[in-house]
Amino acid sequence: MNAFYCSVHEAESPELYKGKSTAVAGSVELRKGIVVTCSYTARAKGVKTGMTVKQATRLCPDLMLIQPDFHLYRKYSRGFMAIARSYTPLVEAVSIDECYLDITGSKLFGSPLEIAGAIQERIRKEWRIPCSIGIAPNKLLAKMASDMKKPNGMTVLRLRDVPGILWEKPCEVLFGIGRKTAEKLGRLHIHTIGQLAAADELFLTKQFGVMGSWMKAAAHGIDHSEVVPERGSNKSIGHTTTLPQDVTEKADAHRIMLNLADQTGRRLRRQHLMASTVQITIRRPDMTTITRSCTLRSPSNSSDDFYREACRLFDEHWPSNDPVRLLGVTLQNLTPQSETAVQLDLFDYEQQPRKEALTKAMDMLRDKFGEDAVLTAGMLGDDPSTLIRNKKIRGTSLQRDELEP
């Protein structure tokens, strides 16, 4: 999708935003508002993703700032994904606004160009948002092709086109090569994709390990990864929250941990998983970050267990009165609930069924009436950790729990 968040707001309120310079920004969790995305009209005036709001408004005084609405973005995401799945079951959601389609078996719907054109037109008519499509023999080239013409572009990139189209471009243009890798390649006098394609594979492997072999193949446009329609089980589930003011009191940190543990537990139970490891993340005002983790005595899906261990880790590893800028709770070593043996506590095993029944009842109430339907007193407050329950203003392109069909 092109400028997805801004395009969604324009589709919802064209009388306000159509053709205007807009930017989605102003997360209440950030001390300095950052431009998450901006319209193409704003981009033409120099506004870029990642800029501070202050920088953006200096370049574009008429910039219209829009608060994020992730509930709305997920609605549109499910919409365009449903259109994609009507042409092939082999659809891999990469993020909230991007997916791969394997149309090898979709000849019934026409040629690749006809299928791509039909998808693009349907998304425009049914959801009133623009998208760019790349058509290629593999995922790597399809991704790169989709970025070549925006908005509303359509690009075909064949293997035989790679030397003429890509080899003169700098290495960082190749999808999968980051800035640091490109800088290291530059120090090795490899500046273009063509030079990377011509480099000795053994030399690249010595410098980059298995990544070296992948880079040489990618420079030739070769990619054997398949479109995976169903994601495997999550390797971890976590939430972090950036605080508008530094926290120094343990009681304040514990309240934030309670909200983080609550939502990670909710997501874990929704996916019928159990966790064996709890990890916390703590970030200082100078942006230095530490993580600490512990293994539970027995796999659990209880938010109470996660909260207790998160607080213990915090108290054990964080000096008193040291300021905290960010806190996070992540659950790791996840296993399906149906396949996990749980060791009952010798002293309160009789209470376990009651606790599980209570948790299930609370989850059902919150699923039906909203996250704030049933709360413990400790979850109340006005710090940003309480906002992770609000799906409208909280979200991320990487959290795809609700994007599956």
# chains A, B, ... in the order shown; residues from 1 in each chain; ligands from 1
>>> select_by_dssp(residues="range 104-332 of chain A", states="helix (DSSP H, G or I)", output="number ranges by chain")
A: 107-109, 112-127, 139-146, 159-166, 171-173, 179-187, 193-198, 201-208, 210-219, 250-270, 303-317
>>> atom_distance(atom1="CA of Gly209 in chain A", atom2="CA of Ile237 in chain A")
29.2 Å
>>> atom_distance(atom1="CA of Gly164 in chain A", atom2="CA of Ala218 in chain A")
14.8 Å
>>> select_by_dssp(residues="range 204-365 of chain A", states="strand (DSSP E or B)", output="VMD selection string")
chain A and resid 236 to 247 273 to 283 289 to 300 324 to 336
>>> write_last_selection(atoms="N, CA and C atoms", output="tab-separated table (two decimals), in the first residue's frame")
chain	number	residue	atom	x	y	z
A	236	SER	N	8.03	-15.21	20.06
A	236	SER	CA	7.91	-14.40	21.27
A	236	SER	C	6.71	-13.49	21.12
A	237	ILE	N	6.23	-13.02	22.25
A	237	ILE	CA	5.13	-12.06	22.30
A	237	ILE	C	5.51	-11.00	23.31
A	238	GLY	N	5.48	-9.73	22.92
A	238	GLY	CA	5.91	-8.71	23.85
A	238	GLY	C	5.27	-7.36	23.60
A	239	HIS	N	5.38	-6.51	24.60
A	239	HIS	CA	4.96	-5.11	24.50
A	239	HIS	C	6.02	-4.25	25.17
A	240	THR	N	6.28	-3.08	24.59
A	240	THR	CA	7.11	-2.08	25.25
A	240	THR	C	6.35	-0.76	25.27
A	241	THR	N	6.71	0.11	26.19
A	241	THR	CA	6.07	1.43	26.23
A	241	THR	C	7.12	2.47	26.60
A	242	THR	N	7.16	3.55	25.83
A	242	THR	CA	8.04	4.68	26.11
A	242	THR	C	7.29	5.66	26.99
A	243	LEU	N	7.95	6.15	28.03
A	243	LEU	CA	7.30	6.97	29.04
A	243	LEU	C	7.51	8.46	28.75
A	244	PRO	N	6.48	9.27	28.92
A	244	PRO	CA	6.62	10.71	28.66
A	244	PRO	C	7.53	11.39	29.68
A	245	GLN	N	7.64	10.79	30.86
A	245	GLN	CA	8.53	11.28	31.89
A	245	GLN	C	9.29	10.11	32.50
A	246	ASP	N	10.54	10.34	32.86
A	246	ASP	CA	11.32	9.26	33.45
A	246	ASP	C	10.68	8.79	34.75
A	247	VAL	N	10.70	7.47	34.95
A	247	VAL	CA	10.17	6.86	36.16
A	247	VAL	C	11.35	6.51	37.07
A	273	LEU	N	-1.23	-20.43	23.57
A	273	LEU	CA	0.18	-20.75	23.78
A	273	LEU	C	0.52	-20.68	25.27
A	274	MET	N	1.66	-21.28	25.61
A	274	MET	CA	2.23	-21.20	26.96
A	274	MET	C	3.64	-20.65	26.83
A	275	ALA	N	4.10	-19.95	27.85
A	275	ALA	CA	5.45	-19.37	27.84
A	275	ALA	C	6.28	-19.96	28.96
A	276	SER	N	7.57	-20.18	28.67
A	276	SER	CA	8.48	-20.70	29.68
A	276	SER	C	9.47	-19.66	30.15
A	277	THR	N	9.58	-18.54	29.43
A	277	THR	CA	10.58	-17.52	29.76
A	277	THR	C	9.94	-16.14	29.76
A	278	VAL	N	10.30	-15.34	30.75
A	278	VAL	CA	9.88	-13.93	30.83
A	278	VAL	C	11.11	-13.06	30.71
A	279	GLN	N	11.05	-12.08	29.80
A	279	GLN	CA	12.17	-11.15	29.62
A	279	GLN	C	11.67	-9.73	29.81
A	280	ILE	N	12.45	-8.91	30.48
A	280	ILE	CA	12.11	-7.49	30.60
A	280	ILE	C	13.13	-6.66	29.84
A	281	THR	N	12.70	-5.52	29.37
A	281	THR	CA	13.57	-4.55	28.69
A	281	THR	C	13.50	-3.24	29.45
A	282	ILE	N	14.65	-2.65	29.74
A	282	ILE	CA	14.72	-1.37	30.44
A	282	ILE	C	15.64	-0.45	29.64
A	283	ARG	N	15.16	0.77	29.39
A	283	ARG	CA	15.98	1.73	28.65
A	283	ARG	C	16.18	2.99	29.49
A	289	THR	N	20.26	0.34	26.72
A	289	THR	CA	19.18	-0.60	26.98
A	289	THR	C	19.73	-1.90	27.55
A	290	ILE	N	19.04	-2.46	28.53
A	290	ILE	CA	19.41	-3.78	29.03
A	290	ILE	C	18.21	-4.70	28.96
A	291	THR	N	18.45	-5.99	28.81
A	291	THR	CA	17.39	-7.00	28.89
A	291	THR	C	17.82	-8.05	29.90
A	292	ARG	N	16.85	-8.52	30.66
A	292	ARG	CA	17.10	-9.59	31.62
A	292	ARG	C	15.95	-10.58	31.54
A	293	SER	N	16.26	-11.86	31.70
A	293	SER	CA	15.21	-12.87	31.56
A	293	SER	C	15.35	-13.95	32.61
A	294	CYS	N	14.28	-14.71	32.79
A	294	CYS	CA	14.31	-15.84	33.72
A	294	CYS	C	13.39	-16.93	33.17
A	295	THR	N	13.68	-18.16	33.55
A	295	THR	CA	12.87	-19.30	33.15
A	295	THR	C	11.90	-19.63	34.28
A	296	LEU	N	10.63	-19.78	33.93
A	296	LEU	CA	9.61	-20.11	34.92
A	296	LEU	C	9.78	-21.54	35.41
A	297	ARG	N	9.29	-21.82	36.61
A	297	ARG	CA	9.36	-23.18	37.13
A	297	ARG	C	8.57	-24.15	36.26
A	298	SER	N	7.50	-23.63	35.66
A	298	SER	CA	6.64	-24.44	34.79
A	298	SER	C	6.05	-23.52	33.74
A	299	PRO	N	5.85	-23.98	32.49
A	299	PRO	CA	5.22	-23.13	31.48
A	299	PRO	C	3.90	-22.58	31.98
A	300	SER	N	3.60	-21.34	31.59
A	300	SER	CA	2.41	-20.67	32.11
A	300	SER	C	1.77	-19.80	31.05
A	324	VAL	N	14.13	5.65	34.40
A	324	VAL	CA	13.78	4.71	33.34
A	324	VAL	C	12.98	5.45	32.29
A	325	ARG	N	13.35	5.25	31.03
A	325	ARG	CA	12.64	5.89	29.91
A	325	ARG	C	11.65	4.94	29.25
A	326	LEU	N	12.00	3.66	29.17
A	326	LEU	CA	11.17	2.67	28.47
A	326	LEU	C	11.17	1.38	29.26
A	327	LEU	N	10.03	0.69	29.27
A	327	LEU	CA	9.91	-0.62	29.89
A	327	LEU	C	9.22	-1.58	28.93
A	328	GLY	N	9.60	-2.84	28.99
A	328	GLY	CA	8.97	-3.84	28.14
A	328	GLY	C	8.93	-5.20	28.79
A	329	VAL	N	7.94	-5.99	28.42
A	329	VAL	CA	7.82	-7.38	28.88
A	329	VAL	C	7.64	-8.25	27.66
A	330	THR	N	8.46	-9.29	27.54
A	330	THR	CA	8.39	-10.21	26.40
A	330	THR	C	8.33	-11.64	26.91
A	331	LEU	N	7.45	-12.44	26.33
A	331	LEU	CA	7.32	-13.85	26.67
A	331	LEU	C	8.02	-14.67	25.59
A	332	GLN	N	8.84	-15.63	25.99
A	332	GLN	CA	9.63	-16.41	25.04
A	332	GLN	C	9.49	-17.91	25.33
A	333	ASN	N	10.12	-18.71	24.44
A	333	ASN	CA	10.03	-20.17	24.53
A	333	ASN	C	8.57	-20.59	24.59
A	334	LEU	N	7.85	-20.26	23.54
A	334	LEU	CA	6.41	-20.50	23.49
A	334	LEU	C	6.11	-21.89	22.94
A	335	THR	N	5.10	-22.53	23.50
A	335	THR	CA	4.67	-23.86	23.05
A	335	THR	C	3.15	-23.90	23.03
A	336	PRO	N	2.55	-24.73	22.14
A	336	PRO	CA	1.10	-24.86	22.10
A	336	PRO	C	0.56	-25.35	23.44
>>> atom_distance(atom1="CA of His191 in chain A", atom2="CA of Phe203 in chain A")
15.4 Å
>>> residues_around(residues="range 19-23 of chain A", least_positions_apart="5", cutoff="12 Å", atoms="only C-alpha atoms", output="ChimeraX atom specification")
/A:3-11,13-14,33-53,56-57,59-68
>>> residues_around(residues="Phe109 in chain A", least_positions_apart="5", cutoff="8 Å", atoms="only C-alpha atoms", output="ChimeraX atom specification")
/A:87,114-115
>>> closest_residue(among="A:Gly221, A:Arg267, A:Glu339, A:Arg128", to="Arg160 in chain A", atoms="only C-alpha atoms")
A:Gly221
